[in-house]
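Source file: start13.cif; contents: mmCIF, C-alpha atoms.
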data_start
#
loop_
_atom_site.group_PDB
_atom_site.id
_atom_site.type_symbol
_atom_site.label_atom_id
_atom_site.label_comp_id
_atom_site.auth_asym_id
_atom_site.auth_seq_id
_atom_site.Cartn_x
_atom_site.Cartn_y
_atom_site.Cartn_z
ATOM 1 C CA MET A 1 35.257 -35.257 -36.030
ATOM 2 C CA PRO A 2 37.632 -38.088 -36.934
ATOM 3 C CA ASN A 3 39.842 -39.451 -34.231
ATOM 4 C CA PRO A 4 42.574 -41.546 -35.840
ATOM 5 C CA MET A 5 43.641 -43.932 -33.147
ATOM 6 C CA ASP A 6 47.038 -43.528 -31.595
ATOM 7 C CA LYS A 7 49.641 -46.274 -31.337
ATOM 8 C CA PRO A 8 49.558 -48.019 -27.980
ATOM 9 C CA THR A 9 51.845 -47.456 -25.039
ATOM 10 C CA ALA A 10 50.844 -50.462 -23.014
ATOM 11 C CA SER A 11 53.708 -51.099 -20.677
ATOM 12 C CA ALA A 12 52.749 -48.745 -17.853
ATOM 13 C CA THR A 13 50.618 -50.108 -15.034
ATOM 14 C CA PRO A 14 47.724 -47.722 -14.507
ATOM 15 C CA ALA A 15 47.289 -46.088 -11.130
ATOM 16 C CA GLY A 16 43.518 -45.670 -11.108
ATOM 17 C CA ASP A 17 40.326 -46.366 -13.056
ATOM 18 C CA SER A 18 40.690 -43.363 -15.336
ATOM 19 C CA ASP A 19 44.329 -44.175 -16.037
ATOM 20 C CA ALA A 20 43.427 -47.804 -16.647
ATOM 21 C CA LEU A 21 40.749 -46.755 -19.114
ATOM 22 C CA ARG A 22 43.087 -44.336 -20.866
ATOM 23 C CA VAL A 23 45.800 -46.975 -21.240
ATOM 24 C CA ALA A 24 43.309 -49.663 -22.240
ATOM 25 C CA THR A 25 41.724 -47.399 -24.837
ATOM 26 C CA SER A 26 45.126 -46.561 -26.274
ATOM 27 C CA VAL A 27 46.142 -50.238 -26.406
ATOM 28 C CA PHE A 28 42.810 -51.312 -27.872
ATOM 29 C CA ASP A 29 42.840 -48.576 -30.518
ATOM 30 C CA GLY A 30 46.382 -49.495 -31.501
ATOM 31 C CA LEU A 31 45.456 -53.144 -31.821
ATOM 32 C CA VAL A 32 42.443 -52.280 -33.978
ATOM 33 C CA LEU A 33 44.704 -50.279 -36.286
ATOM 34 C CA ASP A 34 47.263 -53.057 -36.501
ATOM 35 C CA VAL A 35 44.850 -55.932 -37.084
ATOM 36 C CA THR A 36 42.865 -53.990 -39.671
ATOM 37 C CA ARG A 37 45.977 -53.213 -41.675
ATOM 38 C CA ALA A 38 47.251 -56.777 -41.317
ATOM 39 C CA LEU A 39 43.935 -58.305 -42.368
ATOM 40 C CA PHE A 40 43.646 -56.294 -45.561
ATOM 41 C CA GLU A 41 47.330 -56.729 -46.307
ATOM 42 C CA SER A 42 46.753 -60.488 -46.219
ATOM 43 C CA TYR A 43 44.327 -59.906 -49.109
ATOM 44 C CA GLY A 44 46.836 -57.757 -51.002
ATOM 45 C CA VAL A 45 45.521 -54.318 -50.000
ATOM 46 C CA LYS A 46 47.632 -51.673 -48.277
ATOM 47 C CA LEU A 47 45.585 -49.356 -46.086
ATOM 48 C CA ASP A 48 46.500 -45.800 -45.127
ATOM 49 C CA LEU A 49 44.756 -43.724 -42.521
ATOM 50 C CA ASP A 50 41.964 -41.588 -43.920
ATOM 51 C CA GLY A 51 41.304 -38.395 -41.992
ATOM 52 C CA SER A 52 38.044 -37.714 -43.821
ATOM 53 C CA PRO A 53 34.967 -37.172 -41.638
ATOM 54 C CA ALA A 54 33.035 -40.342 -40.805
ATOM 55 C CA GLU A 55 30.051 -39.050 -42.765
ATOM 56 C CA THR A 56 32.131 -38.771 -45.931
ATOM 57 C CA ILE A 57 33.400 -42.334 -45.711
ATOM 58 C CA LEU A 58 30.050 -43.800 -44.715
ATOM 59 C CA ARG A 59 28.378 -42.068 -47.650
ATOM 60 C CA SER A 60 30.313 -44.361 -50.006
ATOM 61 C CA VAL A 61 29.430 -47.572 -48.114
ATOM 62 C CA LYS A 62 26.542 -49.936 -48.841
ATOM 63 C CA LEU A 63 27.405 -52.787 -46.458
ATOM 64 C CA ILE A 64 28.318 -52.796 -42.797
ATOM 65 C CA SER A 65 28.982 -55.671 -40.454
ATOM 66 C CA THR A 66 29.012 -55.567 -36.682
ATOM 67 C CA ILE A 67 30.112 -58.060 -34.025
ATOM 68 C CA GLY A 68 29.891 -57.873 -30.261
ATOM 69 C CA PHE A 69 32.560 -59.178 -27.919
ATOM 70 C CA SER A 70 32.697 -59.763 -24.192
ATOM 71 C CA SER A 71 35.065 -60.870 -21.481
ATOM 72 C CA GLU A 72 35.558 -60.365 -17.769
ATOM 73 C CA ALA A 73 37.904 -57.453 -18.417
ATOM 74 C CA LEU A 74 36.181 -55.667 -21.257
ATOM 75 C CA GLY A 75 33.308 -55.780 -23.676
ATOM 76 C CA GLY A 76 31.918 -53.889 -26.594
ATOM 77 C CA SER A 77 31.295 -54.020 -30.285
ATOM 78 C CA LEU A 78 33.038 -53.427 -33.556
ATOM 79 C CA LEU A 79 31.451 -52.150 -36.741
ATOM 80 C CA LEU A 80 33.216 -52.676 -40.045
ATOM 81 C CA ALA A 81 32.165 -50.726 -43.123
ATOM 82 C CA VAL A 82 33.850 -51.441 -46.443
ATOM 83 C CA THR A 83 33.139 -49.940 -49.838
ATOM 84 C CA ASP A 84 31.916 -52.355 -52.493
ATOM 85 C CA ASP A 85 34.984 -51.871 -54.693
ATOM 86 C CA LEU A 86 37.279 -52.955 -51.871
ATOM 87 C CA LEU A 87 35.041 -55.894 -50.950
ATOM 88 C CA GLN A 88 35.146 -56.961 -54.589
ATOM 89 C CA LYS A 89 38.937 -56.576 -54.686
ATOM 90 C CA THR A 90 39.436 -58.821 -51.645
ATOM 91 C CA LEU A 91 36.719 -61.355 -52.491
ATOM 92 C CA PRO A 92 38.383 -64.786 -52.314
ATOM 93 C CA ALA A 93 35.724 -66.586 -54.357
ATOM 94 C CA PRO A 94 34.667 -64.976 -57.634
ATOM 95 C CA ASP A 95 30.885 -65.297 -57.398
ATOM 96 C CA ALA A 96 30.523 -64.934 -53.640
ATOM 97 C CA SER A 97 28.108 -62.504 -52.030
ATOM 98 C CA LEU A 98 29.625 -59.183 -50.967
ATOM 99 C CA ALA A 99 27.343 -59.131 -47.918
ATOM 100 C CA ASP A 100 28.516 -62.540 -46.753
ATOM 101 C CA TRP A 101 32.115 -61.526 -47.347
ATOM 102 C CA CYS A 102 31.637 -58.318 -45.373
ATOM 103 C CA GLY A 103 30.492 -60.416 -42.408
ATOM 104 C CA GLU A 104 33.378 -62.846 -42.784
ATOM 105 C CA LEU A 105 35.880 -59.968 -42.926
ATOM 106 C CA ALA A 106 34.473 -58.635 -39.645
ATOM 107 C CA ASN A 107 34.743 -62.143 -38.200
ATOM 108 C CA GLN A 108 38.373 -62.432 -39.293
ATOM 109 C CA LEU A 109 39.112 -58.928 -37.986
ATOM 110 C CA LEU A 110 37.688 -59.738 -34.554
ATOM 111 C CA GLY A 111 39.505 -63.070 -34.604
ATOM 112 C CA ARG A 112 42.793 -61.274 -35.099
ATOM 113 C CA LEU A 113 41.896 -58.778 -32.381
ATOM 114 C CA LYS A 114 41.015 -61.617 -30.029
ATOM 115 C CA ASN A 115 44.351 -63.310 -30.712
ATOM 116 C CA GLN A 116 46.176 -60.063 -29.902
ATOM 117 C CA LEU A 117 44.168 -59.504 -26.707
ATOM 118 C CA LEU A 118 45.249 -62.953 -25.513
ATOM 119 C CA LYS A 119 48.726 -61.448 -25.106
ATOM 120 C CA TYR A 120 47.156 -59.184 -22.465
ATOM 121 C CA SER A 121 45.571 -62.190 -20.751
ATOM 122 C CA VAL A 122 42.160 -61.054 -21.988
ATOM 123 C CA VAL A 123 40.025 -63.841 -23.438
ATOM 124 C CA VAL A 124 37.070 -62.393 -25.313
ATOM 125 C CA ASN A 125 34.114 -64.326 -26.604
ATOM 126 C CA LEU A 126 32.923 -63.264 -30.018
ATOM 127 C CA ALA A 127 29.320 -63.007 -31.107
ATOM 128 C CA LEU A 128 28.308 -63.828 -34.670
ATOM 129 C CA PRO A 129 28.484 -61.062 -37.278
ATOM 130 C CA VAL A 130 25.395 -59.179 -38.357
ATOM 131 C CA VAL A 131 25.490 -57.612 -41.824
ATOM 132 C CA VAL A 132 23.304 -54.697 -42.849
ATOM 133 C CA SER A 133 22.976 -53.318 -46.358
ATOM 134 C CA GLY A 134 21.631 -49.911 -47.187
ATOM 135 C CA GLY A 135 22.583 -46.361 -47.978
ATOM 136 C CA GLU A 136 23.096 -43.106 -46.120
ATOM 137 C CA PHE A 137 24.594 -44.774 -43.051
ATOM 138 C CA LYS A 138 25.173 -42.253 -40.269
ATOM 139 C CA LEU A 139 26.614 -42.393 -36.795
ATOM 140 C CA PRO A 140 24.463 -41.034 -33.975
ATOM 141 C CA GLY A 141 24.783 -37.259 -33.681
ATOM 142 C CA ARG A 142 25.775 -37.542 -30.055
ATOM 143 C CA ARG A 143 28.709 -39.878 -29.620
ATOM 144 C CA ARG A 144 28.840 -42.168 -26.635
ATOM 145 C CA PRO A 145 31.905 -41.791 -24.423
ATOM 146 C CA HIS A 146 33.409 -45.159 -25.348
ATOM 147 C CA ALA A 147 32.831 -44.782 -29.077
ATOM 148 C CA ARG A 148 35.851 -44.465 -31.341
ATOM 149 C CA HIS A 149 36.268 -44.609 -35.057
ATOM 150 C CA VAL A 150 38.946 -44.616 -37.685
ATOM 151 C CA GLY A 151 38.941 -44.516 -41.457
ATOM 152 C CA PHE A 152 41.313 -46.054 -43.956
ATOM 153 C CA VAL A 153 41.828 -45.487 -47.633
ATOM 154 C CA SER A 154 43.450 -47.671 -50.268
ATOM 155 C CA GLU A 155 43.769 -47.736 -54.028
ATOM 156 C CA ALA A 156 40.878 -50.197 -54.065
ATOM 157 C CA GLY A 157 38.448 -48.430 -51.738
ATOM 158 C CA ARG A 158 37.732 -47.358 -48.186
ATOM 159 C CA VAL A 159 37.329 -48.974 -44.784
ATOM 160 C CA PHE A 160 35.671 -47.516 -41.716
ATOM 161 C CA ILE A 161 35.885 -49.022 -38.235
ATOM 162 C CA HIS A 162 33.716 -47.942 -35.336
ATOM 163 C CA THR A 163 34.356 -49.472 -31.927
ATOM 164 C CA GLU A 164 32.861 -49.201 -28.502
ATOM 165 C CA MET A 165 34.925 -50.725 -25.724
ATOM 166 C CA GLU A 166 34.140 -50.597 -22.032
ATOM 167 C CA LEU A 167 36.602 -51.674 -19.404
ATOM 168 C CA SER A 168 35.284 -53.498 -16.351
ATOM 169 C CA LYS A 169 35.865 -51.947 -12.965
ATOM 170 C CA ASN A 170 39.392 -52.600 -11.678
ATOM 171 C CA ALA A 171 40.400 -54.221 -14.965
ATOM 172 C CA GLN A 172 43.596 -53.290 -16.759
ATOM 173 C CA LEU A 173 44.997 -53.953 -20.186
ATOM 174 C CA VAL A 174 48.662 -54.659 -19.639
ATOM 175 C CA ARG A 175 50.688 -56.891 -21.929
ATOM 176 C CA GLN A 176 51.862 -60.058 -20.195
ATOM 177 C CA PRO A 177 55.239 -61.523 -21.159
ATOM 178 C CA GLU A 178 53.845 -65.041 -21.241
ATOM 179 C CA ALA A 179 50.088 -64.810 -21.190
ATOM 180 C CA ALA A 180 48.502 -68.136 -20.312
ATOM 181 C CA GLY A 181 45.896 -68.197 -23.062
ATOM 182 C CA ALA A 182 48.002 -66.561 -25.731
ATOM 183 C CA ALA A 183 47.467 -67.518 -29.322
ATOM 184 C CA SER A 184 49.637 -70.462 -30.207
ATOM 185 C CA MET A 185 49.631 -69.660 -33.931
ATOM 186 C CA ASP A 186 49.601 -66.699 -36.255
ATOM 187 C CA GLU A 187 47.111 -66.213 -39.078
ATOM 188 C CA GLY A 188 47.786 -68.512 -42.025
ATOM 189 C CA GLU A 189 49.622 -71.080 -39.891
ATOM 190 C CA PHE A 190 48.427 -74.557 -39.035
ATOM 191 C CA VAL A 191 49.255 -77.479 -36.803
ATOM 192 C CA LEU A 192 48.509 -81.170 -37.218
ATOM 193 C CA PHE A 193 47.893 -83.333 -34.168
ATOM 194 C CA MET B 1 35.189 -89.706 -58.450
ATOM 195 C CA GLY B 2 37.387 -88.116 -55.815
ATOM 196 C CA LYS B 3 37.332 -88.683 -52.108
ATOM 197 C CA LYS B 4 34.428 -86.971 -50.397
ATOM 198 C CA VAL B 5 35.145 -84.057 -48.024
ATOM 199 C CA LEU B 6 32.617 -82.044 -46.011
ATOM 200 C CA VAL B 7 33.143 -78.290 -45.522
ATOM 201 C CA ILE B 8 31.303 -76.685 -42.595
ATOM 202 C CA ASP B 9 31.304 -72.893 -42.314
ATOM 203 C CA ASP B 10 28.584 -70.311 -41.790
ATOM 204 C CA SER B 11 30.170 -68.084 -44.433
ATOM 205 C CA ALA B 12 29.112 -69.050 -47.949
ATOM 206 C CA THR B 13 32.194 -67.232 -49.231
ATOM 207 C CA VAL B 14 34.539 -69.394 -47.194
ATOM 208 C CA ARG B 15 32.672 -72.558 -48.205
ATOM 209 C CA GLN B 16 32.999 -71.575 -51.850
ATOM 210 C CA GLN B 17 36.680 -70.752 -51.372
ATOM 211 C CA VAL B 18 37.356 -74.114 -49.728
ATOM 212 C CA ARG B 19 35.201 -75.984 -52.241
ATOM 213 C CA THR B 20 37.096 -74.462 -55.171
ATOM 214 C CA ALA B 21 40.474 -75.306 -53.639
ATOM 215 C CA LEU B 22 39.534 -78.890 -52.756
ATOM 216 C CA ALA B 23 37.789 -79.522 -56.074
ATOM 217 C CA LEU B 24 40.947 -78.451 -57.891
ATOM 218 C CA GLY B 25 42.789 -80.880 -55.627
ATOM 219 C CA GLY B 26 40.570 -83.705 -56.882
ATOM 220 C CA PHE B 27 38.075 -83.959 -54.006
ATOM 221 C CA ASP B 28 34.294 -84.138 -54.122
ATOM 222 C CA VAL B 29 32.993 -81.490 -51.752
ATOM 223 C CA LEU B 30 29.820 -81.367 -49.668
ATOM 224 C CA GLU B 31 28.788 -78.308 -47.655
ATOM 225 C CA ALA B 32 27.040 -77.493 -44.392
ATOM 226 C CA SER B 33 26.416 -74.038 -42.965
ATOM 227 C CA ASP B 34 26.639 -74.803 -39.236
ATOM 228 C CA GLY B 35 27.616 -77.540 -36.828
ATOM 229 C CA ALA B 36 24.146 -79.050 -36.513
ATOM 230 C CA GLU B 37 23.807 -79.396 -40.283
ATOM 231 C CA GLY B 38 27.356 -80.729 -40.337
ATOM 232 C CA VAL B 39 26.494 -83.514 -37.905
ATOM 233 C CA GLU B 40 23.535 -84.472 -40.100
ATOM 234 C CA ARG B 41 25.740 -84.579 -43.213
ATOM 235 C CA ILE B 42 28.267 -86.746 -41.374
ATOM 236 C CA LYS B 43 25.503 -89.169 -40.374
ATOM 237 C CA GLN B 44 24.089 -89.250 -43.924
ATOM 238 C CA HIS B 45 27.373 -89.731 -45.774
ATOM 239 C CA GLY B 46 29.252 -92.733 -44.478
ATOM 240 C CA ASP B 47 31.777 -92.391 -47.301
ATOM 241 C CA LEU B 48 33.159 -89.050 -46.089
ATOM 242 C CA THR B 49 36.945 -89.130 -45.844
ATOM 243 C CA ALA B 50 37.519 -85.811 -44.030
ATOM 244 C CA VAL B 51 35.819 -82.708 -42.658
ATOM 245 C CA VAL B 52 37.012 -79.084 -42.758
ATOM 246 C CA CYS B 53 35.172 -77.225 -39.997
ATOM 247 C CA ASP B 54 34.883 -73.627 -38.737
ATOM 248 C CA VAL B 55 34.624 -72.953 -34.986
ATOM 249 C CA ASN B 56 32.324 -69.953 -34.468
ATOM 250 C CA MET B 57 28.994 -70.830 -36.042
ATOM 251 C CA PRO B 58 25.317 -70.535 -35.117
ATOM 252 C CA ARG B 59 23.283 -73.452 -33.655
ATOM 253 C CA MET B 60 26.293 -75.694 -32.996
ATOM 254 C CA ASN B 61 29.892 -74.524 -33.008
ATOM 255 C CA GLY B 62 32.846 -76.484 -34.319
ATOM 256 C CA LEU B 63 34.056 -77.668 -30.925
ATOM 257 C CA GLU B 64 30.596 -78.985 -30.060
ATOM 258 C CA LEU B 65 30.519 -80.764 -33.410
ATOM 259 C CA LEU B 66 33.854 -82.399 -32.636
ATOM 260 C CA GLU B 67 32.610 -83.591 -29.279
ATOM 261 C CA THR B 68 29.382 -84.903 -30.815
ATOM 262 C CA VAL B 69 31.215 -86.828 -33.536
ATOM 263 C CA ALA B 70 33.672 -88.211 -30.993
ATOM 264 C CA LYS B 71 30.768 -89.890 -29.155
ATOM 265 C CA ASP B 72 29.697 -91.756 -32.308
ATOM 266 C CA PRO B 73 31.841 -94.899 -32.478
ATOM 267 C CA THR B 74 31.149 -95.283 -36.209
ATOM 268 C CA ARG B 75 32.440 -91.789 -37.055
ATOM 269 C CA SER B 76 34.922 -91.013 -34.289
ATOM 270 C CA LYS B 77 37.906 -91.778 -36.541
ATOM 271 C CA LEU B 78 36.783 -89.328 -39.252
ATOM 272 C CA PRO B 79 39.642 -86.813 -39.706
ATOM 273 C CA ILE B 80 38.448 -83.287 -38.870
ATOM 274 C CA LEU B 81 40.530 -80.197 -39.641
ATOM 275 C CA MET B 82 39.488 -76.991 -37.886
ATOM 276 C CA LEU B 83 39.682 -73.865 -40.077
ATOM 277 C CA THR B 84 39.045 -70.759 -38.023
ATOM 278 C CA THR B 85 40.086 -67.274 -36.949
ATOM 279 C CA GLU B 86 40.465 -68.532 -33.358
ATOM 280 C CA GLY B 87 44.023 -69.087 -32.163
ATOM 281 C CA GLN B 88 43.426 -69.470 -28.441
ATOM 282 C CA ALA B 89 45.654 -72.235 -27.091
ATOM 283 C CA GLU B 90 42.884 -73.493 -24.801
ATOM 284 C CA MET B 91 40.544 -73.989 -27.768
ATOM 285 C CA VAL B 92 43.240 -75.736 -29.794
ATOM 286 C CA GLN B 93 43.834 -78.107 -26.887
ATOM 287 C CA ARG B 94 40.101 -78.734 -26.463
ATOM 288 C CA ALA B 95 39.855 -79.596 -30.157
ATOM 289 C CA LYS B 96 42.842 -81.911 -29.944
ATOM 290 C CA ALA B 97 41.364 -83.647 -26.907
ATOM 291 C CA ALA B 98 38.085 -84.107 -28.790
ATOM 292 C CA GLY B 99 39.844 -85.811 -31.665
ATOM 293 C CA ALA B 100 40.529 -83.057 -34.212
ATOM 294 C CA LYS B 101 43.440 -83.847 -36.505
ATOM 295 C CA GLY B 102 44.564 -80.291 -37.137
ATOM 296 C CA TRP B 103 43.972 -76.577 -36.645
ATOM 297 C CA MET B 104 44.439 -73.942 -39.361
ATOM 298 C CA LEU B 105 44.080 -70.193 -38.964
ATOM 299 C CA LYS B 106 42.234 -68.091 -41.553
ATOM 300 C CA PRO B 107 43.008 -66.666 -43.981
ATOM 301 C CA PHE B 108 44.336 -69.868 -45.481
ATOM 302 C CA LYS B 109 46.468 -70.643 -48.498
ATOM 303 C CA ALA B 110 44.644 -72.950 -50.923
ATOM 304 C CA GLU B 111 47.638 -75.139 -51.702
ATOM 305 C CA LEU B 112 48.353 -75.607 -47.994
ATOM 306 C CA LEU B 113 44.772 -76.592 -47.297
ATOM 307 C CA VAL B 114 44.718 -79.111 -50.147
ATOM 308 C CA MET B 115 48.048 -80.573 -49.067
ATOM 309 C CA THR B 116 46.783 -80.916 -45.491
ATOM 310 C CA VAL B 117 43.505 -82.567 -46.500
ATOM 311 C CA LYS B 118 45.399 -84.939 -48.805
ATOM 312 C CA LYS B 119 47.588 -85.879 -45.870
ATOM 313 C CA LEU B 120 44.575 -86.446 -43.610
ATOM 314 C CA THR B 121 42.849 -88.607 -46.221
ATOM 315 C CA GLY B 122 45.924 -90.595 -47.111
ATOM 316 C CA SER B 123 46.011 -89.101 -50.605
ATOM 317 C CA ALA B 124 49.351 -87.314 -50.284
#
Please lay out the structure from this file as structure tokens.
Amino acid sequence: MPNPMDKPTASATPAGDSDALRVATSVFDGLVLDVTRALFESYGVKLDLDGSPAETILRSVKLISTIGFSSEALGGSLLLAVTDDLLQKTLPAPDASLADWCGELANQLLGRLKNQLLKYSVVVNLALPVVVSGGEFKLPGRRRPHARHVGFVSEAGRVFIHTEMELSKNAQLVRQPEAAGAASMDEGEFVLF
Amino acid sequence: MGKKVLVIDDSATVRQQVRTALALGGFDVLEASDGAEGVERIKQHGDLTAVVCDVNMPRMNGLELLETVAKDPTRSKLPILMLTTEGQAEMVQRAKAAGAKGWMLKPFKAELLVMTVKKLTGSA
């Protein structure tokens, strides 16, 4: 069953572990939605939510990329699946490999997510992307409690994101007005020293 | 022949993207796929005028490369521009302290990258 992620409501301070997890999950899901849309928009593709079952979207995918992330507050993994037509549409170099580009897109997606999490004083370390090609991708029949997924559709193809995020005990995900490690730049910007 | 620039990134797509942009800007471009290979290229090519370097890479990351190059008195002045998805202020500061000349967040605009590299190489 698809579970399109809700927009975050991150301002409340959670009262207990279950509240903290609920708020953190909501914030995290909202950030995943936002950074996914922003990433593809930067390559000229507007994404809309796709309520189709995961199996339907994954049936049209030949490449997936996954990256793990970890921090004191939370850890998990993100899987990005993109249809070949959309990979081709966003490919920044004409003869580049779609598999390599799928991995780089996952890297850029996690980079954006990391930069957003800095605003919550969460500094995640990113692993390197792993790309798998194949057919008939399926999610496990029995979903793990921290697993979430969301699908997107565009004129150029489909995107599927599967995340697993676990919150450490006593950790919270609350936006800080002036987070110490916050990103000093937005995507596309640069600074010279 | 144009000035020689080294591009270090574990994504072949990004290397190709940067190579195309810099070649159109009149540069000769060399490539390396991680920091360790990048250090070797820097040692081999004394005529390099700049380096464009990713941060998150296997074997040796971009910050480690910066710190390695900084210890080599013959190459410590080589202008290095970091091109990455990482925007963490602490990392930017670490790169600056290690001698990087700039930090650019992906995805990048080709004309901006070329302009920046021209500035770093004194070609602007």
What are the nearest atom pairs, with distances in Å to one decimal, for all residues of chain A that come at most 7 Å from chain B, using all atoms listed in the file, set out by chain and rising residue number as CSV?
residue,atom,partner,partner_atom,distance
A:Pro92,CA,B:Gln17,CA,6.3
A:Ala93,CA,B:Gln17,CA,5.2
A:Ala96,CA,B:Thr13,CA,5.2
A:Ser97,CA,B:Thr13,CA,6.8
A:Asp100,CA,B:Ser11,CA,6.2
A:Trp101,CA,B:Thr13,CA,6.0
A:Glu104,CA,B:Ser11,CA,6.4
A:Gln108,CA,B:Thr85,CA,5.6
A:Gly111,CA,B:Thr85,CA,4.8
A:Arg112,CA,B:Thr85,CA,6.8
A:Asn115,CA,B:Gly87,CA,6.0
A:Gly181,CA,B:Ala89,CA,5.7
A:Ala182,CA,B:Gln88,CA,6.1
A:Ala183,CA,B:Gln88,CA,4.6
A:Ser184,CA,B:Ala89,CA,5.4
A:Met185,CA,B:Gly87,CA,5.9
A:Glu187,CA,B:Leu105,CA,5.0
A:Gly188,CA,B:Phe108,CA,5.1
A:Glu189,CA,B:Leu105,CA,5.7
A:Phe190,CA,B:Met104,CA,4.0
A:Val191,CA,B:Trp103,CA,5.4
A:Leu192,CA,B:Gly102,CA,4.0
A:Phe193,CA,B:Lys101,CA,5.1
Between atom CA of A:Val122 and atom CA of A:Gly75, what distance in Å does the model show, to one decimal?
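If I compute the distance from atom CA of A:Val122 to atom CA of A:Gly75, I get 10.4 Å.
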Selection under test: the PyMOL selection byres ((chain A and resi 44) around 12); residues as a VMD selection string:
(chain A and resid 37 to 43 45 to 47 86 to 87 89 to 92 154 to 156) or (chain B and resid 107)
Pull C-alpha atoms from the residues just selected and write them as a PDB file, in the frame of the given file.
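Printed below is again-v5.pdb as written:
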ATOM      1  CA  ARG A  37      45.977 -53.213 -41.675  1.00  0.00           C
ATOM      2  CA  ALA A  38      47.251 -56.777 -41.317  1.00  0.00           C
ATOM      3  CA  LEU A  39      43.935 -58.305 -42.368  1.00  0.00           C
ATOM      4  CA  PHE A  40      43.646 -56.294 -45.561  1.00  0.00           C
ATOM      5  CA  GLU A  41      47.330 -56.729 -46.307  1.00  0.00           C
ATOM      6  CA  SER A  42      46.753 -60.488 -46.219  1.00  0.00           C
ATOM      7  CA  TYR A  43      44.327 -59.906 -49.109  1.00  0.00           C
ATOM      8  CA  VAL A  45      45.521 -54.318 -50.000  1.00  0.00           C
ATOM      9  CA  LYS A  46      47.632 -51.673 -48.277  1.00  0.00           C
ATOM     10  CA  LEU A  47      45.585 -49.356 -46.086  1.00  0.00           C
ATOM     11  CA  LEU A  86      37.279 -52.955 -51.871  1.00  0.00           C
ATOM     12  CA  LEU A  87      35.041 -55.894 -50.950  1.00  0.00           C
ATOM     13  CA  LYS A  89      38.937 -56.576 -54.686  1.00  0.00           C
ATOM     14  CA  THR A  90      39.436 -58.821 -51.645  1.00  0.00           C
ATOM     15  CA  LEU A  91      36.719 -61.355 -52.491  1.00  0.00           C
ATOM     16  CA  PRO A  92      38.383 -64.786 -52.314  1.00  0.00           C
ATOM     17  CA  SER A 154      43.450 -47.671 -50.268  1.00  0.00           C
ATOM     18  CA  GLU A 155      43.769 -47.736 -54.028  1.00  0.00           C
ATOM     19  CA  ALA A 156      40.878 -50.197 -54.065  1.00  0.00           C
TER      20      ALA A 156
ATOM     21  CA  PRO B 107      43.008 -66.666 -43.981  1.00  0.00           C
TER      22      PRO B 107
END
Here is a test: counting all atoms listed in the file, which residue of A:Ala106, A:Ile67, A:Leu117, A:Leu79 is nearest to A:Gly30?
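Looking only at the distances to A:Gly30, the closest residue turns out to be A:Leu117.
The spacing separating atom CA of A:Met165 from atom CA of A:Thr36 amounts to 16.4 Å.
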Quick one: everything within 12 Å of A:Leu31, counting all atoms listed in the file, minus sequence neighbours fewer than 4 positions away in the same chain. Send it as a ChimeraX atom specification.
/A:5-10,24-27,35-39,109-120,163,173,175
My structure is short of atoms at stretch 22-33 of chain B; please model N, CA and C atoms there, returning them as a PDB file, in the coordinates of the input.
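Result went into rebuild.pdb, see below:
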ATOM      1  N   LEU B  22      39.541 -77.428 -52.889  1.00  0.00           N
ATOM      2  CA  LEU B  22      39.534 -78.890 -52.756  1.00  0.00           C
ATOM      3  C   LEU B  22      39.117 -79.567 -54.065  1.00  0.00           C
ATOM      4  N   ALA B  23      38.204 -78.943 -54.786  1.00  0.00           N
ATOM      5  CA  ALA B  23      37.789 -79.522 -56.074  1.00  0.00           C
ATOM      6  C   ALA B  23      38.971 -79.556 -57.037  1.00  0.00           C
ATOM      7  N   LEU B  24      39.755 -78.481 -57.039  1.00  0.00           N
ATOM      8  CA  LEU B  24      40.947 -78.451 -57.891  1.00  0.00           C
ATOM      9  C   LEU B  24      41.966 -79.504 -57.447  1.00  0.00           C
ATOM     10  N   GLY B  25      41.900 -79.845 -56.158  1.00  0.00           N
ATOM     11  CA  GLY B  25      42.789 -80.880 -55.627  1.00  0.00           C
ATOM     12  C   GLY B  25      42.250 -82.287 -55.842  1.00  0.00           C
ATOM     13  N   GLY B  26      41.094 -82.401 -56.516  1.00  0.00           N
ATOM     14  CA  GLY B  26      40.570 -83.705 -56.882  1.00  0.00           C
ATOM     15  C   GLY B  26      39.535 -84.276 -55.924  1.00  0.00           C
ATOM     16  N   PHE B  27      39.060 -83.469 -54.983  1.00  0.00           N
ATOM     17  CA  PHE B  27      38.075 -83.959 -54.006  1.00  0.00           C
ATOM     18  C   PHE B  27      36.648 -83.627 -54.448  1.00  0.00           C
ATOM     19  N   ASP B  28      35.717 -84.458 -54.009  1.00  0.00           N
ATOM     20  CA  ASP B  28      34.294 -84.138 -54.122  1.00  0.00           C
ATOM     21  C   ASP B  28      33.896 -83.441 -52.822  1.00  0.00           C
ATOM     22  N   VAL B  29      33.219 -82.311 -52.942  1.00  0.00           N
ATOM     23  CA  VAL B  29      32.993 -81.490 -51.752  1.00  0.00           C
ATOM     24  C   VAL B  29      31.506 -81.363 -51.434  1.00  0.00           C
ATOM     25  N   LEU B  30      31.165 -81.622 -50.184  1.00  0.00           N
ATOM     26  CA  LEU B  30      29.820 -81.367 -49.668  1.00  0.00           C
ATOM     27  C   LEU B  30      29.906 -80.165 -48.741  1.00  0.00           C
ATOM     28  N   GLU B  31      28.766 -79.504 -48.506  1.00  0.00           N
ATOM     29  CA  GLU B  31      28.788 -78.308 -47.655  1.00  0.00           C
ATOM     30  C   GLU B  31      27.725 -78.387 -46.562  1.00  0.00           C
ATOM     31  N   ALA B  32      28.027 -77.715 -45.452  1.00  0.00           N
ATOM     32  CA  ALA B  32      27.040 -77.493 -44.392  1.00  0.00           C
ATOM     33  C   ALA B  32      27.311 -76.109 -43.810  1.00  0.00           C
ATOM     34  N   SER B  33      26.254 -75.431 -43.367  1.00  0.00           N
ATOM     35  CA  SER B  33      26.416 -74.038 -42.965  1.00  0.00           C
ATOM     36  C   SER B  33      26.491 -73.834 -41.447  1.00  0.00           C
TER      37      SER B  33
END
